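Below is one structure, written out as C-alpha cells; the observations come after it.
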Protein chains: 2
Amino acid sequence: MLIAVDAMGGDYAPREVIKGAIEAAREFPIDIALVGNKPVLEMLLRRYSRKKNISIIEASQVVEQDEDQVQGVQNKPNSSVVVGVNLVKDGIADGFVSAGGTGATVVASFLNLKAVEGVERLALCAVAYLNQPQPTLIIDAGVNVNCRPIFLVQFAQLASILAEKVIDISSPKVGLLNIGSEELKGSTLAKEAHQLIKKTDLNFIGNIEGFDVLQGKADVIVTDGFTGNVLVKTIEGYSQVIQNLLELGQAAQIDRYLTGAALAQYMQLNATVKNLDYKEYGGACLVGLEGNIVVAHGRSRAKAITSAIYLAYHAAKQGIVEAIKNGKYASE
Amino acid sequence: MLIAVDAMGGDYAPREVIKGAIEAAREFPIDIALVGNKPVLEMLLRRYSRKKNISIIEASQVVEQDEDQVQGVQNKPNSSVVVGVNLVKDGIADGFVSAGGTGATVVASFLNLKAVEGVERLALCAVAYLNQPQPTLIIDAGVNVNCRPIFLVQFAQLASILAEKVIDISSPKVGLLNIGSEELKGSTLAKEAHQLIKKTDLNFIGNIEGFDVLQGKADVIVTDGFTGNVLVKTIEGYSQVIQNLLELGQAAQIDRYLTGAALAQYMQLNATVKNLDYKEYGGACLVGLEGNIVVAHGRSRAKAITSAIYLAYHAAKQGIVEAIKNGKYASE
C-alpha cells in the first residue's frame, strides 16, 4: 500500500513532515511517497533515514498559506497538493495526507476527484480524541459554511460509515449539535435537519449541546461547517492553555509525590489532555469524493503527521472509499 | 439600590440562591429582594441570616425548566421570573437576577420591558472570564439563532457599550467570530457582518477564530446566538473536565512541592481554570431592553449567584440602561 504525503505543506514542513513520515514508514506496513521539491527532500531524507519504503515524487510548486487557495491550486498544476491528489486519482497512491492549507487540499480534491453519486457536498470529518478512549467524529469541520438541512443528514450518514469502518464503532451514536436538547430548539437549519435525521436508520440520539461535546455522549457530532470549525478550533485553543499546566506538572515530576487513587487520576487526566492536543493527534478525512484524502493540522509536528498517515493507511485498509461509494444517502 | 433575585430559579434553588444573595447583601452596598414562595423563603432566611437588607417578595408560581418557556411565562403571571422582571419595569428594583431557565427570563423580559429604540433584537451578552484578568464579552450567547448581518453589527455596538461602562475597558477590541482571519472568509452572514462592522466607529480588529477565543485577542466576541451558545457551552464542558485535575492537585497539596517559577506558574494556571469555572463566575446581561436583567447559569451555586448579583449591581451603578438607550445603532 502506498500513502502519498505532501512534504511541503504545514507550518513545520518539510522537516517535521519528513520525520513523521519516516516514523510512519517504520511503524506501519506501507510505502510512502513524499511529494515536493526533489533536491531538498533527497537531502533531508539522506540525513534522517535510509529506509527503502520511502520514495520521492517531484512537485516543483507550492500553494502558500497566504495566497488565494482556489487560484493557487488552479495556477499551480505542479504544486505538491495537486500532484498528491492526482496520485490518488490515478490509482497510484491509496491515500494522500497534507498539512498544507485546508482550502488548497479541499479545492485540489474537489477539482480532481470524482464526487460520490448522491452526495450533495464533500465535507471535512475531524477525527478528534476528546475525553474518550476512542475518537469522536466532528462533521463538517469547516468546508460548508452555508448549509441546507439535507447536507447535515448526509454528513451524518457519511460520518457514520467512517465511524463503523475506520474507528470500528458499531452503530455509532449520532448527535446533532444544537442549543438545547429538545427537538424543537435551535436554528431553522438545526430544526429541519433534526426532523430529517430522525427519518434515517442512523442511531440518532438527538440534539447535543456544547457542554456534551467532551462528555462522550455522541460518536458522531453533526453540524454545519461554520459551527464545526469554531468548535474544533475552540477546543484546540483551550488545550493550548491547559497543556502548560501538564508540562509544568511533568517538569516538577508531580507523579513522584502522588500515590494510589490520586496518582491514577493524575495519569488519566494527563492522558486526557494529551489526547486533546492537536500536536500529537489530529487529522480529518475529506468525505464525499472518490479518494482517500486526509487533512492534517497546519501546526502538525512529526507525531501528528505520523498519526495522520496512520489514519490514511487505516482508512485505505478498511476500504473506506468503496464503503462510502456503496452508502445510501438521503435526498431532497 | 435594590437588586431583585429570583429565589426559585436554578438547579440549586432556593437554598444556594439564598446563600449567594446573603453573601452579596453582606459584601455590596445594596438591598436585595428575594422573589418567590414567601413561607419557604422566610424559613430559609431565618435559618441562614438575619440581615436587614434582605426582603422577600411573594411569587406563588414557578416556570419550571421542563415546561414550554413561552407558555410558562404567559400562563404564570405570578411566577418568580415575571414578578422579578416587573419589579424592574416598575422602577422598584434596579436590576433582576435569575438562574432559572434562560428562555423564561428572555421571554418575560421581552414581553414586559420596552425595547430600546433602534435596536432590532435583544441579545444575551455573556460576561466570561476566559484566560485574561478582565472578562471577555460574548454576544449573542443564545437568544437569536437565526440572524441577519445588521443584528451582529448591533450586537457589537451593544456589547461595546457594556464593555466600556461595566467592565471599564476603553475602546474595547471587537472581534467577529469566523472560520478564518481573512475578511472574505466565512458564511454569508459573517462576511456581510464583517463589511458592516468595518463601517462603524467601533474598535474592530476583524475576524477571530475559535483558537483565539482563549488567547485574549478580543474584548468583545460577536457571533450569532447559535454559534455563541455552542461556544460558551463547549468552554464550560471543557472546564468541567479540567477542573478535576486542579481539585486533585489541591487535594495532593502539589504547591507544597513546587518552588520559584514553577510555583508561580502553577498558581496562575489554577486561577485561570478557576476563572473559567461557571460554578464561580458567570452571568450574562440581557441587552437591548429598558431594564437591567442578568441571567445566571442554571447550575449556579452560591458563589456564582453572588457574582451575578455583583454584575447586576455594578451595571446599575454604572447606569448601563441609560447608556444603552443613548447609544447609536446601525440601521439597514
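Quick note on naming: the chains in the C-alpha cells go A, B, ... in the order shown, residues restart at 1 in each chain, and ligands are numbered from 1 in order of appearance.
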message = I want to know what sits within 8 Å of segment 171-177 of chain B, based on only C-alpha atoms, with residues of the same chain fewer than 6 positions away left out; could you give that as a ChimeraX atom specification?
response = /A:230 /B:156,160,163-164,190,194,202-210,217-223
At a cut-off of 6 Å, can you tabulate as a tab-separated table every residue of chain A near chain B together with its closest atom pair and the distance in Å to one decimal, using only C-alpha atoms and ordering rows by chain then number?
residue	atom	partner	partner_atom	distance
A:Val145	CA	B:Ser187	CA	4.9
A:Asn146	CA	B:Ser187	CA	5.7
A:Ser187	CA	B:Val145	CA	4.9
A:Gly210	CA	B:Thr234	CA	4.1
A:Phe211	CA	B:Gly237	CA	4.2
A:Thr227	CA	B:Thr227	CA	5.7
A:Val230	CA	B:Gly210	CA	4.6
A:Lys233	CA	B:Gly210	CA	4.5
A:Thr234	CA	B:Gly210	CA	4.1
A:Gly237	CA	B:Phe211	CA	4.2
Please identify all polymer residues within 12 Å of Met43 of chain A, counting only C-alpha atoms, omitting same-chain residues fewer than 4 positions from it, and present them as a compact mmCIF listing (two decimals) with C-alpha atoms, in the first residue's frame.
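This is the output file around02.txt:
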# COMPACT_ATOMS: atom_id res chain seq x y z
CA PRO A 14 9.35 19.87 5.18
CA ARG A 15 11.42 18.82 8.20
CA ILE A 18 9.62 14.05 6.78
CA ASN A 37 10.91 19.65 -4.08
CA LYS A 38 13.10 16.68 -5.01
CA PRO A 39 16.61 18.02 -4.23
CA ARG A 47 20.11 12.99 6.67
CA TYR A 48 17.30 11.37 8.63
CA SER A 49 16.81 7.90 7.20
CA ARG A 50 17.77 5.38 4.57
CA ILE A 56 10.17 10.99 -3.56
DSSP-assigned strand (DSSP E) members of segment 157-290 of chain A, reported as a PDB file with C-alpha atoms, in the first residue's frame:
ATOM      1  CA  LYS A 173     -24.344   7.324  18.186  1.00  0.00           C
ATOM      2  CA  VAL A 174     -25.103  10.393  16.080  1.00  0.00           C
ATOM      3  CA  GLY A 175     -25.727  13.709  17.883  1.00  0.00           C
ATOM      4  CA  LEU A 176     -26.856  16.931  16.224  1.00  0.00           C
ATOM      5  CA  LEU A 177     -25.060  19.933  17.711  1.00  0.00           C
ATOM      6  CA  ASN A 203     -28.521   5.612  15.571  1.00  0.00           C
ATOM      7  CA  PHE A 204     -29.672   9.190  16.173  1.00  0.00           C
ATOM      8  CA  ILE A 205     -29.538  10.224  19.831  1.00  0.00           C
ATOM      9  CA  GLY A 206     -30.997  13.692  19.129  1.00  0.00           C
ATOM     10  CA  ASN A 207     -29.549  17.089  19.914  1.00  0.00           C
ATOM     11  CA  ILE A 208     -26.405  17.510  21.907  1.00  0.00           C
ATOM     12  CA  VAL A 220     -20.542  11.436  15.584  1.00  0.00           C
ATOM     13  CA  ILE A 221     -21.254  15.157  16.080  1.00  0.00           C
ATOM     14  CA  VAL A 222     -23.071  16.704  13.145  1.00  0.00           C
ATOM     15  CA  ALA A 284      -9.609  14.940   9.278  1.00  0.00           C
ATOM     16  CA  CYS A 285     -10.971  12.838   6.433  1.00  0.00           C
ATOM     17  CA  LEU A 286     -12.359  14.560   3.386  1.00  0.00           C
ATOM     18  CA  VAL A 287     -15.520  12.595   2.667  1.00  0.00           C
TER      19      VAL A 287
END
task = Give the helix (DSSP H, G or I) residues of segment 15-217 of chain B, as assigned by DSSP on the backbone, as a PyMOL selection string.
result = chain B and resi 15-27+38-48+69-75+80-89+102-112+149-165+188-199+210-215
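Between atom CA of Ile22 of chain B and atom CA of Thr306 of chain B there is a distance of 8.3 Å.
Of the listed residues (B:Val62, B:Val81, B:Val97, B:Val88), B:Val97 comes nearest to Ile305 of chain B; the distances count only C-alpha atoms.
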query = Near Arg299 of chain A, within 7 Å and counting only C-alpha atoms, which residues show up once chain neighbours fewer than 5 positions away are dropped, as a ChimeraX atom specification?
reply = /A:10-12
Can you write just those residues out, N, CA and C atoms, as a PDB file, in the first residue's frame?
ATOM      1  N   GLY A  10       2.332  22.638   5.554  1.00  0.00           N
ATOM      2  CA  GLY A  10       2.302  22.718   7.012  1.00  0.00           C
ATOM      3  C   GLY A  10       3.335  23.700   7.523  1.00  0.00           C
ATOM      4  N   ASP A  11       3.079  24.189   8.735  1.00  0.00           N
ATOM      5  CA  ASP A  11       3.943  25.221   9.312  1.00  0.00           C
ATOM      6  C   ASP A  11       5.369  24.728   9.539  1.00  0.00           C
ATOM      7  N   TYR A  12       5.541  23.428   9.719  1.00  0.00           N
ATOM      8  CA  TYR A  12       6.874  22.903  10.030  1.00  0.00           C
ATOM      9  C   TYR A  12       7.393  22.001   8.917  1.00  0.00           C
TER      10      TYR A  12
END
